[in-house]
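Asks: Take this structure, written in structure tokens, and hold onto it; I'll ask about it next.
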Amino acid sequence: ACRGTAGFAHVSCLAEQAKILFAEAEENNLGDQASNQRLNRWLVCGLCEQEYRGVVMHALGWACWRMYLGRPEDDMVRMNAMTALGNGLRAVSQIRERLGLLESQLALMIRNRVHPEALLANQGAIATCLEHLGRIEESQKLAVQVHGRTKELLGTRHKNTIISAGNLAISLQDSGRHAEALSLTAEYIPVSESELGPHDSATLRLRNSYLRSRCFEVVERSQFDPSVSLDDIREIAVSFEDLYRTALRVLGKHHPITVQCKEDIAVCRTGLARTEARMEARMAALKL
């Protein structure tokens with residue numbers, strides 16, 4: 001058994017705990033909300049309430065799928081187990097395998113006429129897979145559709161709408177449409193802070209995307225606009241560092257948002273150095 005306070009646990013014990021908790025909810029007819037919360041224990045730690053990551057998520061995803069595979073195909077628990085497996089594949093960067101699973105799940109959802117909210121969540125995940133596989137045009141087209149339909153179905157302030165806005169912002173950035181990504185993230189950051197809180201992962205992700213597009217926009221503009229100052233870029237770098245410290249404290253150093261933020265700080269500093277060199281060269285040329 002898992003013992004002590006060293007921070008380690010057997011994956012088999014985590015799986016057994018999740019299985020028992022959900023079985024109790026079903027046996028005692030605790031209702032959909034309680035059942036969903038307990039089913040979520042396959043994905044989320046019961047102590048820190050963060051998603052498992054890496055090989056742990058991968059192992060638990062497979063364990064969850066094997067546990068509920070034998071249920072009827074229209075059973076939502078079986079459907080959610082497919083989602084858990086997909087998250088596990090994502091955690092170890094098996095993107096092609098995840099895309100195949102999600103496409104099979106989508107066909108299953110359509111066949112069994114599941115709620116549109118679930119369909120949109122699945123399609124959002126498909127768009128993310130396409131993006132990671134370099135199929136940017138397909139990804140962006142689907143991300144635009146998912147965000148529009150989610151907003152129409154659930155409203156601007158729903159968590160799924162906020163997440164889909166973050167997905168779309170990243171897709172826009174990948175195709176160089178930074179001005180649109182900047183506008184979208186600026187719109188949804190206050191919404192996310194109000195509805196989910198300033199330290200929610202969706203909020204931090206939006207803030208990171210905003211700063212990334214802001215950095216790109218300022219560095220690009222500095223090449224032809226003399227009104228851009230080094231202080232503009234330094235301000236972005238300071239904001240990035242503040243965001244990184246927050247992500248490090250709230251999410252931990254291995255969380256994808258924390259890792260991305262650290263990488264973006266390096267890119268911002270490189271842009272700052274290049275802009276500074278370019279401005280010095282411009283000033284030297286004016287003195288001649």
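Please note that chains go A, B, ... in the order of the structure tokens, that every chain numbers its residues from 1, and that ligands are numbered from 1 in the order shown.
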Return as a tab-separated table the residues of region 114-177 of chain A lying at most 10 Å from region 206-219 of chain A, together with the closest atom-to-atom pair for each and the distance in Å to one decimal, counting only C-alpha atoms, with rows in chain order and ascending residue number.
Replies:
residue	atom	partner	partner_atom	distance
A:Ile162	CA	A:Leu206	CA	8.8
A:Ile163	CA	A:Leu206	CA	8.7
A:Ala165	CA	A:Leu206	CA	8.4
A:Gly166	CA	A:Leu206	CA	5.7
A:Asn167	CA	A:Leu206	CA	9.1
A:Ala169	CA	A:Ser209	CA	7.0
A:Ile170	CA	A:Ser209	CA	6.8
A:Leu172	CA	A:Ser213	CA	9.7
A:Gln173	CA	A:Ser213	CA	7.1
A:Gly176	CA	A:Ser213	CA	9.2
A:Arg177	CA	A:Ser213	CA	8.8
Asks: Pick out the residues sitting within 10 Å of region 154-157 of chain A, and hand them over as a PyMOL selection string; count only C-alpha atoms, and ignore anything fewer than 3 positions along from it in its own chain.
Replies: chain A and resi 117+147-151+160-162+165+188+191-192+194-196
Asks: Please measure the separation of CA of Ala23 (chain A) and CA of Asn40 (chain A), giving the value in Å to one decimal.
Replies: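 Computed distance, CA of Ala23 (chain A) to CA of Asn40 (chain A), equals 12.6 Å.
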Asks: Once you count only C-alpha atoms, what closest atom pair and distance in Å to one decimal does each residue of region 88-200 of chain A within 9 Å of region 71-79 of chain A have, with rows by chain and rising residue number, as a Markdown table?
Replies:
| residue | atom | partner | partner_atom | distance |
| --- | --- | --- | --- | --- |
| A:Gln105 | CA | A:Met79 | CA | 7.4 |
| A:Leu108 | CA | A:Glu73 | CA | 7.6 |
| A:Met109 | CA | A:Asp74 | CA | 8.0 |
| A:Arg111 | CA | A:Asp74 | CA | 8.7 |
| A:Asn112 | CA | A:Asp74 | CA | 6.0 |
| A:Arg113 | CA | A:Asp74 | CA | 9.0 |
| A:Val114 | CA | A:Asp74 | CA | 8.6 |
Asks: Grab the residues selected above and save them as a compact mmCIF listing (two decimals), in the first residue's frame with all heavy atoms.
Replies:
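result.txt was written with the following content:
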# COMPACT_ATOMS: atom_id res chain seq x y z
N GLN A 105 -14.61 8.56 -31.05
CA GLN A 105 -15.54 9.01 -30.02
C GLN A 105 -16.59 9.95 -30.59
O GLN A 105 -17.77 9.87 -30.24
CB GLN A 105 -14.78 9.70 -28.88
CG GLN A 105 -15.66 10.08 -27.70
CD GLN A 105 -14.90 10.88 -26.65
OE1 GLN A 105 -14.11 11.76 -26.99
NE2 GLN A 105 -15.13 10.58 -25.39
N LEU A 108 -19.18 8.00 -32.34
CA LEU A 108 -20.01 7.35 -31.33
C LEU A 108 -21.01 8.33 -30.72
O LEU A 108 -22.19 8.00 -30.52
CB LEU A 108 -19.10 6.78 -30.24
CG LEU A 108 -19.69 5.80 -29.23
CD1 LEU A 108 -20.13 4.52 -29.92
CD2 LEU A 108 -18.67 5.50 -28.14
N MET A 109 -20.55 9.54 -30.46
CA MET A 109 -21.43 10.57 -29.89
C MET A 109 -22.55 10.94 -30.84
O MET A 109 -23.71 11.08 -30.44
CB MET A 109 -20.60 11.81 -29.54
CG MET A 109 -19.70 11.66 -28.34
SD MET A 109 -18.70 13.16 -28.08
CE MET A 109 -18.15 12.92 -26.40
N ARG A 111 -23.76 9.10 -33.25
CA ARG A 111 -24.65 7.95 -33.38
C ARG A 111 -25.62 7.85 -32.20
O ARG A 111 -26.78 7.45 -32.38
CB ARG A 111 -23.81 6.67 -33.49
CG ARG A 111 -24.61 5.43 -33.82
CD ARG A 111 -23.74 4.34 -34.38
NE ARG A 111 -22.72 3.86 -33.45
CZ ARG A 111 -21.40 3.99 -33.64
NH1 ARG A 111 -20.94 4.61 -34.72
NH2 ARG A 111 -20.54 3.52 -32.77
N ASN A 112 -25.16 8.24 -31.03
CA ASN A 112 -26.00 8.11 -29.83
C ASN A 112 -26.62 9.43 -29.40
O ASN A 112 -27.21 9.51 -28.31
CB ASN A 112 -25.16 7.53 -28.68
CG ASN A 112 -24.81 6.07 -28.91
OD1 ASN A 112 -25.65 5.20 -28.76
ND2 ASN A 112 -23.57 5.80 -29.30
N ARG A 113 -26.47 10.45 -30.23
CA ARG A 113 -27.14 11.73 -30.02
C ARG A 113 -26.88 12.31 -28.64
O ARG A 113 -27.83 12.66 -27.90
CB ARG A 113 -28.65 11.58 -30.27
CG ARG A 113 -28.99 11.15 -31.69
CD ARG A 113 -30.49 11.03 -31.89
NE ARG A 113 -30.81 10.60 -33.26
CZ ARG A 113 -32.03 10.43 -33.72
NH1 ARG A 113 -33.08 10.64 -32.93
NH2 ARG A 113 -32.24 10.03 -34.97
N VAL A 114 -25.61 12.43 -28.29
CA VAL A 114 -25.27 13.01 -27.00
C VAL A 114 -25.50 14.52 -27.04
O VAL A 114 -25.70 15.12 -28.11
CB VAL A 114 -23.81 12.71 -26.60
CG1 VAL A 114 -23.55 11.22 -26.59
CG2 VAL A 114 -22.84 13.43 -27.53
Asks: Counting only C-alpha atoms, which of A:Pro198, A:Asp231, A:Ala118, A:Val267 gets nearest to Leu243 (chain A)?
Replies: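 Smallest distance to Leu243 (chain A) is found for A:Pro198.
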Asks: From a backbone DSSP assignment, name each residue in region 21-61 of chain A labelled helix (DSSP H, G or I), as a PyMOL selection string.
Replies: chain A and resi 21-27+32-42+54-61
